[in-house]
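Engineer: My structure is in input16.cif, and what it holds is mmCIF, C-alpha atoms:
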```cif
data_input
#
loop_
_atom_site.label_atom_id
_atom_site.label_comp_id
_atom_site.auth_asym_id
_atom_site.auth_seq_id
_atom_site.Cartn_x
_atom_site.Cartn_y
_atom_site.Cartn_z
CA MET A 1 116.47 56.17 14.68
CA THR A 2 113.87 54.51 16.90
CA SER A 3 110.76 56.28 18.16
CA SER A 4 112.25 56.40 21.67
CA ASP A 5 115.38 58.08 20.26
CA LYS A 6 113.17 60.73 18.64
CA ILE A 7 111.45 61.43 21.93
CA ALA A 8 114.81 61.74 23.75
CA SER A 9 116.37 64.17 21.28
CA VAL A 10 115.81 67.62 19.91
CA ASP A 11 116.60 69.04 16.48
CA VAL A 12 119.02 71.97 16.82
CA SER A 13 120.13 73.46 13.47
CA GLY A 14 119.86 70.10 11.79
CA GLU A 15 121.65 68.24 14.61
CA GLN A 16 119.85 65.61 16.68
CA ILE A 17 120.93 66.46 20.24
CA ARG A 18 120.02 64.05 23.03
CA TRP A 19 118.44 65.62 26.06
CA ASP A 20 117.52 62.53 28.08
CA LEU A 21 120.85 61.75 29.80
CA SER A 22 119.55 60.21 33.02
CA GLY A 23 122.17 57.95 34.52
CA GLU A 24 124.97 59.41 32.38
CA MET A 25 127.59 62.05 33.14
CA THR A 26 126.61 65.51 31.96
CA TYR A 27 128.50 68.77 31.51
CA GLY A 28 127.23 69.99 34.86
CA ASP A 29 128.23 66.74 36.58
CA TYR A 30 131.75 66.77 35.17
CA LEU A 31 132.38 70.39 36.21
CA GLN A 32 130.39 70.09 39.46
CA LEU A 33 128.53 73.22 38.47
CA ASP A 34 126.05 72.88 41.30
CA ARG A 35 128.91 73.37 43.79
CA LEU A 36 130.80 75.90 41.68
CA LEU A 37 127.86 78.20 40.98
CA ASP A 38 126.59 77.94 44.55
CA ALA A 39 129.94 79.04 46.02
CA GLN A 40 129.14 82.75 45.91
CA THR A 41 127.59 83.95 49.16
CA PRO A 42 127.35 87.75 49.29
CA LEU A 43 127.08 89.28 52.75
CA THR A 44 125.01 92.22 51.52
CA ASP A 45 122.47 93.04 48.83
CA GLU A 46 124.87 95.45 47.12
CA HIS A 47 124.96 94.98 43.36
CA ASP A 48 128.78 94.92 43.05
CA GLU A 49 129.56 92.37 45.76
CA PRO A 50 129.05 89.34 43.43
CA LEU A 51 131.58 90.91 41.05
CA PHE A 52 134.09 91.21 43.89
CA ILE A 53 133.56 87.59 44.95
CA ILE A 54 133.66 86.07 41.46
CA ILE A 55 136.82 87.95 40.43
CA HIS A 56 138.67 86.65 43.47
CA GLN A 57 137.32 83.11 43.16
CA THR A 58 138.26 82.83 39.48
CA SER A 59 141.70 84.25 40.26
CA GLU A 60 142.19 81.51 42.85
CA LEU A 61 141.28 78.91 40.21
CA TRP A 62 143.79 80.39 37.76
CA ILE A 63 146.45 80.33 40.49
CA LYS A 64 145.59 76.69 41.14
CA LEU A 65 146.29 75.96 37.48
CA CYS A 66 149.57 77.90 37.69
CA LEU A 67 150.62 75.70 40.62
CA HIS A 68 149.72 72.55 38.68
CA GLU A 69 151.84 73.66 35.72
CA LEU A 70 154.64 74.92 37.94
CA ASP A 71 154.91 71.65 39.85
CA GLY A 72 155.11 69.81 36.53
CA ALA A 73 157.79 72.16 35.21
CA ILE A 74 159.89 71.71 38.35
CA ARG A 75 159.65 67.94 38.09
CA HIS A 76 160.81 68.04 34.48
CA LEU A 77 163.73 70.37 35.20
CA ARG A 78 164.79 68.11 38.06
CA ALA A 79 164.87 65.22 35.58
CA ASP A 80 166.74 67.25 32.89
CA ARG A 81 163.69 67.32 30.62
CA THR A 82 163.62 70.94 29.54
CA ARG A 83 161.20 70.83 26.59
CA PRO A 84 158.10 69.75 28.55
CA ALA A 85 159.04 72.29 31.23
CA PHE A 86 159.15 75.06 28.61
CA LYS A 87 155.59 74.27 27.50
CA MET A 88 154.34 74.43 31.08
CA LEU A 89 156.14 77.70 31.80
CA ALA A 90 154.69 79.21 28.63
CA ARG A 91 151.21 78.17 29.76
CA ILE A 92 151.75 79.83 33.15
CA ALA A 93 152.67 83.06 31.38
CA ARG A 94 149.39 82.92 29.44
CA VAL A 95 147.41 82.25 32.60
CA GLN A 96 149.07 85.29 34.16
CA GLU A 97 147.62 87.38 31.35
CA GLN A 98 144.16 86.23 32.42
CA LEU A 99 144.95 87.12 36.02
CA SER A 100 146.04 90.61 34.99
CA GLN A 101 142.92 91.15 32.90
CA ALA A 102 140.77 90.24 35.89
CA TRP A 103 141.88 93.46 37.57
CA ASP A 104 140.56 95.40 34.56
CA VAL A 105 137.13 93.90 35.21
CA LEU A 106 137.28 94.67 38.93
CA ALA A 107 138.30 98.25 38.12
CA THR A 108 134.78 98.85 36.78
CA MET A 109 133.74 99.01 40.44
CA THR A 110 133.92 102.55 41.79
CA PRO A 111 135.05 103.60 45.30
CA SER A 112 131.43 104.30 46.24
CA ASP A 113 130.38 100.84 45.04
CA TYR A 114 133.05 99.13 47.13
CA LEU A 115 132.55 101.16 50.29
CA ARG A 116 128.93 100.03 50.43
CA PHE A 117 130.04 96.52 51.45
CA ARG A 118 133.73 96.78 52.38
CA ASP A 119 133.13 96.90 56.14
CA ARG A 120 131.38 93.52 55.94
CA LEU A 121 134.63 91.86 54.79
CA GLY A 122 136.06 92.06 58.32
CA HIS A 123 139.76 91.17 58.29
CA SER A 124 139.58 88.99 55.16
CA SER A 125 142.22 89.98 52.62
CA GLY A 126 143.99 88.68 49.53
CA PHE A 127 147.13 88.79 51.67
CA GLN A 128 145.76 85.64 53.32
CA SER A 129 145.57 83.68 50.04
CA TYR A 130 147.53 80.49 50.68
CA ASN A 131 147.36 79.65 46.97
CA TYR A 132 149.19 82.88 46.17
CA ARG A 133 151.71 82.33 48.97
CA ILE A 134 152.52 78.83 47.72
CA LEU A 135 152.89 80.21 44.19
CA GLU A 136 155.44 82.81 45.29
CA PHE A 137 157.37 80.25 47.32
CA ARG A 138 157.38 77.76 44.44
CA ILE A 139 158.65 80.37 41.98
CA GLY A 140 161.38 81.59 44.32
CA ASN A 141 160.32 84.39 46.66
CA LYS A 142 160.89 82.71 50.05
CA ASN A 143 160.05 84.39 53.34
CA PRO A 144 159.48 82.12 56.39
CA ALA A 145 157.61 84.84 58.28
CA LEU A 146 154.84 84.86 55.66
CA ALA A 147 154.07 81.19 56.31
CA ASP A 148 152.94 82.09 59.83
CA VAL A 149 149.87 83.84 58.40
CA HIS A 150 148.40 80.36 57.83
CA ARG A 151 149.39 78.76 61.12
CA ASP A 152 145.80 78.63 62.39
CA ARG A 153 144.84 76.08 59.68
CA GLN A 154 147.02 73.02 60.15
CA GLU A 155 146.47 71.36 56.77
CA ILE A 156 146.96 74.60 54.84
CA HIS A 157 149.99 75.55 56.93
CA ALA A 158 151.58 72.18 56.09
CA GLN A 159 151.14 72.86 52.35
CA VAL A 160 152.65 76.32 52.67
CA LEU A 161 155.61 74.97 54.66
CA GLN A 162 156.19 72.27 52.05
CA ALA A 163 156.47 74.95 49.35
CA LEU A 164 158.74 76.99 51.63
CA ASN A 165 161.11 74.13 52.41
CA ASN A 166 161.40 72.62 48.93
CA PRO A 167 163.59 73.93 46.09
CA SER A 168 161.83 76.57 44.02
CA LEU A 169 161.67 76.89 40.24
CA TYR A 170 164.77 79.10 40.31
CA ASP A 171 166.60 76.75 42.68
CA GLU A 172 165.97 73.86 40.29
CA SER A 173 167.07 75.99 37.34
CA LEU A 174 170.39 76.72 39.04
CA ARG A 175 170.85 73.07 39.95
CA LEU A 176 170.30 72.24 36.28
CA LEU A 177 173.04 74.74 35.34
CA ALA A 178 175.36 73.07 37.85
CA ARG A 179 174.68 69.65 36.32
CA ARG A 180 175.47 71.12 32.89
CA GLY A 181 178.92 72.14 34.10
CA PHE A 182 178.43 75.77 35.11
CA ALA A 183 180.18 77.02 38.25
CA ILE A 184 177.16 77.45 40.52
CA PRO A 185 178.41 77.79 44.12
CA ASP A 186 177.25 75.22 46.68
CA SER A 187 175.66 78.08 48.60
CA HIS A 188 173.16 78.33 45.74
CA SER A 189 172.82 74.76 44.49
CA GLU A 190 172.51 73.15 47.94
CA ARG A 191 171.19 75.52 50.57
CA ASP A 192 168.46 76.06 53.12
CA TRP A 193 165.59 76.36 50.64
CA SER A 194 163.36 78.11 53.17
CA GLN A 195 165.54 81.22 53.26
CA PRO A 196 165.30 84.18 50.90
CA TYR A 197 167.43 83.86 47.80
CA ARG A 198 170.56 86.04 47.73
CA PRO A 199 171.98 87.18 44.37
CA SER A 200 175.37 85.74 43.43
CA ALA A 201 178.11 87.11 41.15
CA GLU A 202 178.98 83.53 40.17
CA VAL A 203 175.37 82.79 39.18
CA GLU A 204 175.21 86.00 37.15
CA GLU A 205 178.42 85.00 35.36
CA ALA A 206 176.95 81.58 34.51
CA TRP A 207 173.89 83.18 32.94
CA ARG A 208 176.12 85.71 31.18
CA ARG A 209 178.07 82.87 29.54
CA ILE A 210 174.82 81.41 28.31
CA TYR A 211 173.61 84.72 26.86
CA ARG A 212 176.92 85.37 25.15
CA ALA A 213 176.82 82.00 23.36
CA PRO A 214 173.14 81.15 22.89
CA GLU A 215 173.79 78.75 19.98
CA GLU A 216 176.07 76.71 22.22
CA HIS A 217 173.66 76.68 25.20
CA TRP A 218 170.32 77.00 23.44
CA GLU A 219 168.20 75.02 25.94
CA LEU A 220 169.50 77.01 28.90
CA TYR A 221 169.16 80.23 26.92
CA GLU A 222 165.52 79.38 26.24
CA LEU A 223 165.02 78.49 29.91
CA ALA A 224 166.37 81.90 30.91
CA GLU A 225 163.95 83.68 28.61
CA LYS A 226 161.02 81.59 29.82
CA LEU A 227 161.89 82.64 33.38
CA VAL A 228 162.16 86.30 32.41
CA ASP A 229 158.82 86.11 30.60
CA LEU A 230 157.17 84.56 33.66
CA GLU A 231 158.55 87.21 35.99
CA GLN A 232 157.67 90.08 33.69
CA LYS A 233 154.05 88.93 33.50
CA PHE A 234 154.02 88.43 37.27
CA GLN A 235 155.11 92.06 37.63
CA HIS A 236 152.35 93.16 35.25
CA TRP A 237 149.89 91.31 37.48
CA ARG A 238 151.28 92.97 40.61
CA PHE A 239 151.21 96.39 38.96
CA SER A 240 147.63 95.94 37.77
CA HIS A 241 146.67 94.84 41.28
CA MET A 242 148.30 97.90 42.82
CA LYS A 243 146.69 100.36 40.37
CA THR A 244 143.26 98.77 40.78
CA VAL A 245 143.50 99.02 44.57
CA GLU A 246 144.67 102.64 44.28
CA ARG A 247 141.78 103.41 41.94
CA ILE A 248 139.18 101.92 44.27
CA ILE A 249 140.38 102.68 47.82
CA GLY A 250 143.24 105.14 47.36
CA TYR A 251 145.75 104.91 50.19
CA ARG A 252 143.47 103.41 52.82
CA ALA A 253 144.87 100.54 54.87
CA GLY A 254 144.06 97.05 53.59
CA THR A 255 141.32 95.00 55.27
CA GLY A 256 143.92 92.41 56.32
CA GLY A 257 146.09 94.93 58.15
CA THR A 258 148.62 95.78 55.41
CA SER A 259 149.29 99.36 54.36
CA GLY A 260 147.36 98.76 51.14
CA VAL A 261 148.81 100.44 48.08
CA ALA A 262 152.10 101.18 49.85
CA TYR A 263 152.54 97.47 50.56
CA LEU A 264 151.77 96.56 46.95
CA VAL A 265 154.26 99.15 45.67
CA LYS A 266 157.00 97.52 47.78
CA ALA A 267 156.11 94.14 46.29
CA LEU A 268 156.96 95.52 42.84
CA GLU A 269 160.59 95.75 43.94
CA LEU A 270 160.87 92.00 44.57
CA ARG A 271 162.77 89.87 42.07
CA PHE A 272 162.38 86.12 41.58
CA PHE A 273 165.38 85.73 39.26
CA PRO A 274 167.65 88.71 40.03
CA GLU A 275 170.74 87.73 38.04
CA LEU A 276 168.69 87.36 34.85
CA TRP A 277 167.88 91.06 35.12
CA THR A 278 171.20 92.48 36.29
CA LEU A 279 173.21 90.66 33.60
CA ARG A 280 171.41 92.66 30.93
CA THR A 281 173.37 95.75 31.92
CA THR A 282 176.73 93.99 31.77
CA LEU A 283 176.44 91.82 28.64
#
```
Take the structure I supplied and represent it as structure tokens, if you would.
Structural biologist:
Amino acid sequence: MTSSDKIASVDVSGEQIRWDLSGEMTYGDYLQLDRLLDAQTPLTDEHDEPLFIIIHQTSELWIKLCLHELDGAIRHLRADRTRPAFKMLARIARVQEQLSQAWDVLATMTPSDYLRFRDRLGHSSGFQSYNYRILEFRIGNKNPALADVHRDRQEIHAQVLQALNNPSLYDESLRLLARRGFAIPDSHSERDWSQPYRPSAEVEEAWRRIYRAPEEHWELYELAEKLVDLEQKFQHWRFSHMKTVERIIGYRAGTGGTSGVAYLVKALELRFFPELWTLRTTL
């Protein structure tokens, strides 16, 4: 080691760690920490407002990762490559666990804590999250009316409409079943992708055949269980969201104009993959 190397390093537990990295990429550069850590701008001096901001910002980042994995899974299913899709769907399910746990952290904020700054939020609301809306559309919960929430931002609205008008994860799963010889009706394998999905007796029968002979249809059987796992964790996330909101604001209306807890309770009734749940009663 040269004398200059000694000057530009520090001994940490027997390791010579360089500290002079001028002109080289650092950890902070790679992660753009200056931008990331400067993205929290509380509107008040209340102690709990940074918690509120950081929980929602990190949730948006986790959703961004879910969308990245989901887009990859859809591409693989479209190309009949199920194994890589399974890995991506499994990763989404693990990310959803992180999203659910975030509500546990937010629940440490009491109603009194929140009410000290809630009025400063104006009409901002998680209901306006375009990341979340794209995620629901990409998984399979289509509703054209919800895209209008983002109409005032042209670039964002275009992204939401693209997710609305393209086949969802469930649509691509059913198209895969059709290519594998299952009797999926044209109304479900080639349809107006922007419209809400309607359950089908023929689709349920196709999945039932798969569940009754898993050894014969193992890949599709595994796909079905990956979808069920994803939806179950999504429901856990929704439930945790609802209970956290109830704990903090009770049955007050939401800041974005929704009915608050009542709206979130209704969301728990939504199904992404309905036939995969109803077939369990009739197997």
Engineer: Nearest residue to Leu51 of chain A out of A:Pro196, A:Lys266, A:Ala107, A:Asp119, using all atoms listed in the file?
Structural biologist: A:Ala107
Engineer: On this structure, which residues satisfy the PyMOL selection byres ((chain A and resi 165) around 9), written as an mmCIF file with C-alpha atoms, in the frame of the given file?
Structural biologist:
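Final output, saved to out26.cif:
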```
data_model
loop_
_atom_site.group_PDB
_atom_site.id
_atom_site.type_symbol
_atom_site.label_atom_id
_atom_site.label_comp_id
_atom_site.auth_asym_id
_atom_site.auth_seq_id
_atom_site.Cartn_x
_atom_site.Cartn_y
_atom_site.Cartn_z
ATOM 1 C CA PHE A 137 157.370 80.250 47.320
ATOM 2 C CA LYS A 142 160.890 82.710 50.050
ATOM 3 C CA VAL A 160 152.650 76.320 52.670
ATOM 4 C CA LEU A 161 155.610 74.970 54.660
ATOM 5 C CA GLN A 162 156.190 72.270 52.050
ATOM 6 C CA ALA A 163 156.470 74.950 49.350
ATOM 7 C CA LEU A 164 158.740 76.990 51.630
ATOM 8 C CA ASN A 166 161.400 72.620 48.930
ATOM 9 C CA PRO A 167 163.590 73.930 46.090
ATOM 10 C CA SER A 168 161.830 76.570 44.020
ATOM 11 C CA ASP A 192 168.460 76.060 53.120
ATOM 12 C CA TRP A 193 165.590 76.360 50.640
ATOM 13 C CA SER A 194 163.360 78.110 53.170
ATOM 14 C CA GLN A 195 165.540 81.220 53.260
#
```
Engineer: Extract, using only C-alpha atoms, all DNA, RNA and protein residues at most 12 Å from Thr281 of chain A, discarding same-chain residues fewer than 5 positions from it, and format them as a compact mmCIF listing (two decimals) with C-alpha atoms, in the frame of the given file.
Structural biologist:
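Result saved to around27.txt:
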```txt
# COMPACT_ATOMS: atom_id res chain seq x y z
CA GLU A 204 175.21 86.00 37.15
CA ARG A 208 176.12 85.71 31.18
CA GLU A 275 170.74 87.73 38.04
CA LEU A 276 168.69 87.36 34.85
```
Engineer: Mind giving me the straight-line distance from atom CA of Trp103 of chain A to atom CA of Val245 of chain A in Å, one decimal?
Structural biologist: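 About the pair atom CA of Trp103 of chain A and atom CA of Val245 of chain A: they are 9.1 Å apart.
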Engineer: Pick the closest to Leu106 of chain A from A:Tyr30, A:Phe52, A:Trp218, A:Trp237: which is it, counting only C-alpha atoms?
Structural biologist: A:Phe52
Engineer: Rounded to one decimal in Å, what is the spacing between atom CA of Ala85 of chain A and atom CA of Leu268 of chain A?
Structural biologist: 26.1 Å
Engineer: For a test of reading the model, state the distance in Å between atom CA of Arg209 of chain A and atom CA of Leu177 of chain A, rounded to one decimal.
Structural biologist: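 Going from atom CA of Arg209 of chain A over to atom CA of Leu177 of chain A, I get 11.2 Å.
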Engineer: Here's a test: counting only C-alpha atoms, identify every protein, DNA and RNA residue with an atom at most 6 Å from (160.2, 81.3, 42.2) in the file's coordinate frame, and state them as an mmCIF file with C-alpha atoms, in the frame of the given file.
Structural biologist:
```cif
data_model
loop_
_atom_site.group_PDB
_atom_site.id
_atom_site.type_symbol
_atom_site.label_atom_id
_atom_site.label_comp_id
_atom_site.auth_asym_id
_atom_site.auth_seq_id
_atom_site.Cartn_x
_atom_site.Cartn_y
_atom_site.Cartn_z
ATOM 1 C CA GLU A 136 155.440 82.810 45.290
ATOM 2 C CA PHE A 137 157.370 80.250 47.320
ATOM 3 C CA ARG A 138 157.380 77.760 44.440
ATOM 4 C CA ILE A 139 158.650 80.370 41.980
ATOM 5 C CA GLY A 140 161.380 81.590 44.320
ATOM 6 C CA ASN A 141 160.320 84.390 46.660
ATOM 7 C CA SER A 168 161.830 76.570 44.020
ATOM 8 C CA LEU A 169 161.670 76.890 40.240
ATOM 9 C CA TYR A 170 164.770 79.100 40.310
ATOM 10 C CA PHE A 272 162.380 86.120 41.580
#
```
Engineer: Of the residues A:His56, A:Arg81, A:Arg280, A:Lys243, which is the one nearest to Gln40 of chain A, using all atoms listed in the file?
Structural biologist: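 Closest residue, counting all atoms listed in the file: A:His56.
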Engineer: I need segment 225-274 of chain A written out with C-alpha atoms, as a JSON list (two decimals), in the first residue's frame; please produce it.
Structural biologist:
```
[["chain", "number", "residue", "atom", "x", "y", "z"],
["A", 225, "GLU", "CA", -52.10, -21.14, -6.65],
["A", 226, "LYS", "CA", -49.73, -18.26, -7.36],
["A", 227, "LEU", "CA", -52.74, -16.17, -8.36],
["A", 228, "VAL", "CA", -54.67, -17.15, -5.24],
["A", 229, "ASP", "CA", -51.65, -16.32, -3.08],
["A", 230, "LEU", "CA", -51.32, -12.91, -4.71],
["A", 231, "GLU", "CA", -54.99, -12.10, -4.21],
["A", 232, "GLN", "CA", -55.05, -13.32, -0.62],
["A", 233, "LYS", "CA", -52.13, -11.06, 0.27],
["A", 234, "PHE", "CA", -53.77, -8.19, -1.59],
["A", 235, "GLN", "CA", -56.85, -8.70, 0.59],
["A", 236, "HIS", "CA", -54.67, -8.71, 3.72],
["A", 237, "TRP", "CA", -53.26, -5.38, 2.56],
["A", 238, "ARG", "CA", -56.73, -3.96, 1.96],
["A", 239, "PHE", "CA", -57.95, -5.23, 5.33],
["A", 240, "SER", "CA", -54.95, -3.78, 7.16],
["A", 241, "HIS", "CA", -55.55, -0.48, 5.38],
["A", 242, "MET", "CA", -59.20, -0.44, 6.39],
["A", 243, "LYS", "CA", -58.51, -1.29, 10.06],
["A", 244, "THR", "CA", -55.73, 1.30, 10.29],
["A", 245, "VAL", "CA", -58.01, 4.01, 8.88],
["A", 246, "GLU", "CA", -60.78, 2.95, 11.27],
["A", 247, "ARG", "CA", -58.35, 3.06, 14.18],
["A", 248, "ILE", "CA", -57.13, 6.55, 13.34],
["A", 249, "ILE", "CA", -60.16, 8.43, 11.96],
["A", 250, "GLY", "CA", -63.11, 6.16, 12.70],
["A", 251, "TYR", "CA", -65.93, 6.66, 10.20],
["A", 252, "ARG", "CA", -65.03, 10.17, 9.08],
["A", 253, "ALA", "CA", -65.15, 10.85, 5.35],
["A", 254, "GLY", "CA", -61.84, 10.49, 3.51],
["A", 255, "THR", "CA", -59.84, 13.59, 2.55],
["A", 256, "GLY", "CA", -60.31, 12.74, -1.15],
["A", 257, "GLY", "CA", -64.10, 12.64, -0.93],
["A", 258, "THR", "CA", -64.67, 8.90, -0.39],
["A", 259, "SER", "CA", -66.73, 7.60, 2.50],
["A", 260, "GLY", "CA", -63.54, 6.45, 4.23],
["A", 261, "VAL", "CA", -63.84, 3.15, 6.07],
["A", 262, "ALA", "CA", -67.14, 2.31, 4.37],
["A", 263, "TYR", "CA", -65.47, 2.64, 0.96],
["A", 264, "LEU", "CA", -62.57, 0.43, 2.05],
["A", 265, "VAL", "CA", -64.95, -2.22, 3.39],
["A", 266, "LYS", "CA", -66.65, -2.39, -0.03],
["A", 267, "ALA", "CA", -63.25, -2.86, -1.67],
["A", 268, "LEU", "CA", -62.80, -6.05, 0.37],
["A", 269, "GLU", "CA", -65.64, -7.61, -1.62],
["A", 270, "LEU", "CA", -63.81, -7.23, -4.94],
["A", 271, "ARG", "CA", -62.29, -10.32, -6.54],
["A", 272, "PHE", "CA", -59.48, -10.36, -9.11],
["A", 273, "PHE", "CA", -59.78, -14.07, -9.93],
["A", 274, "PRO", "CA", -63.35, -15.04, -8.98]]
```
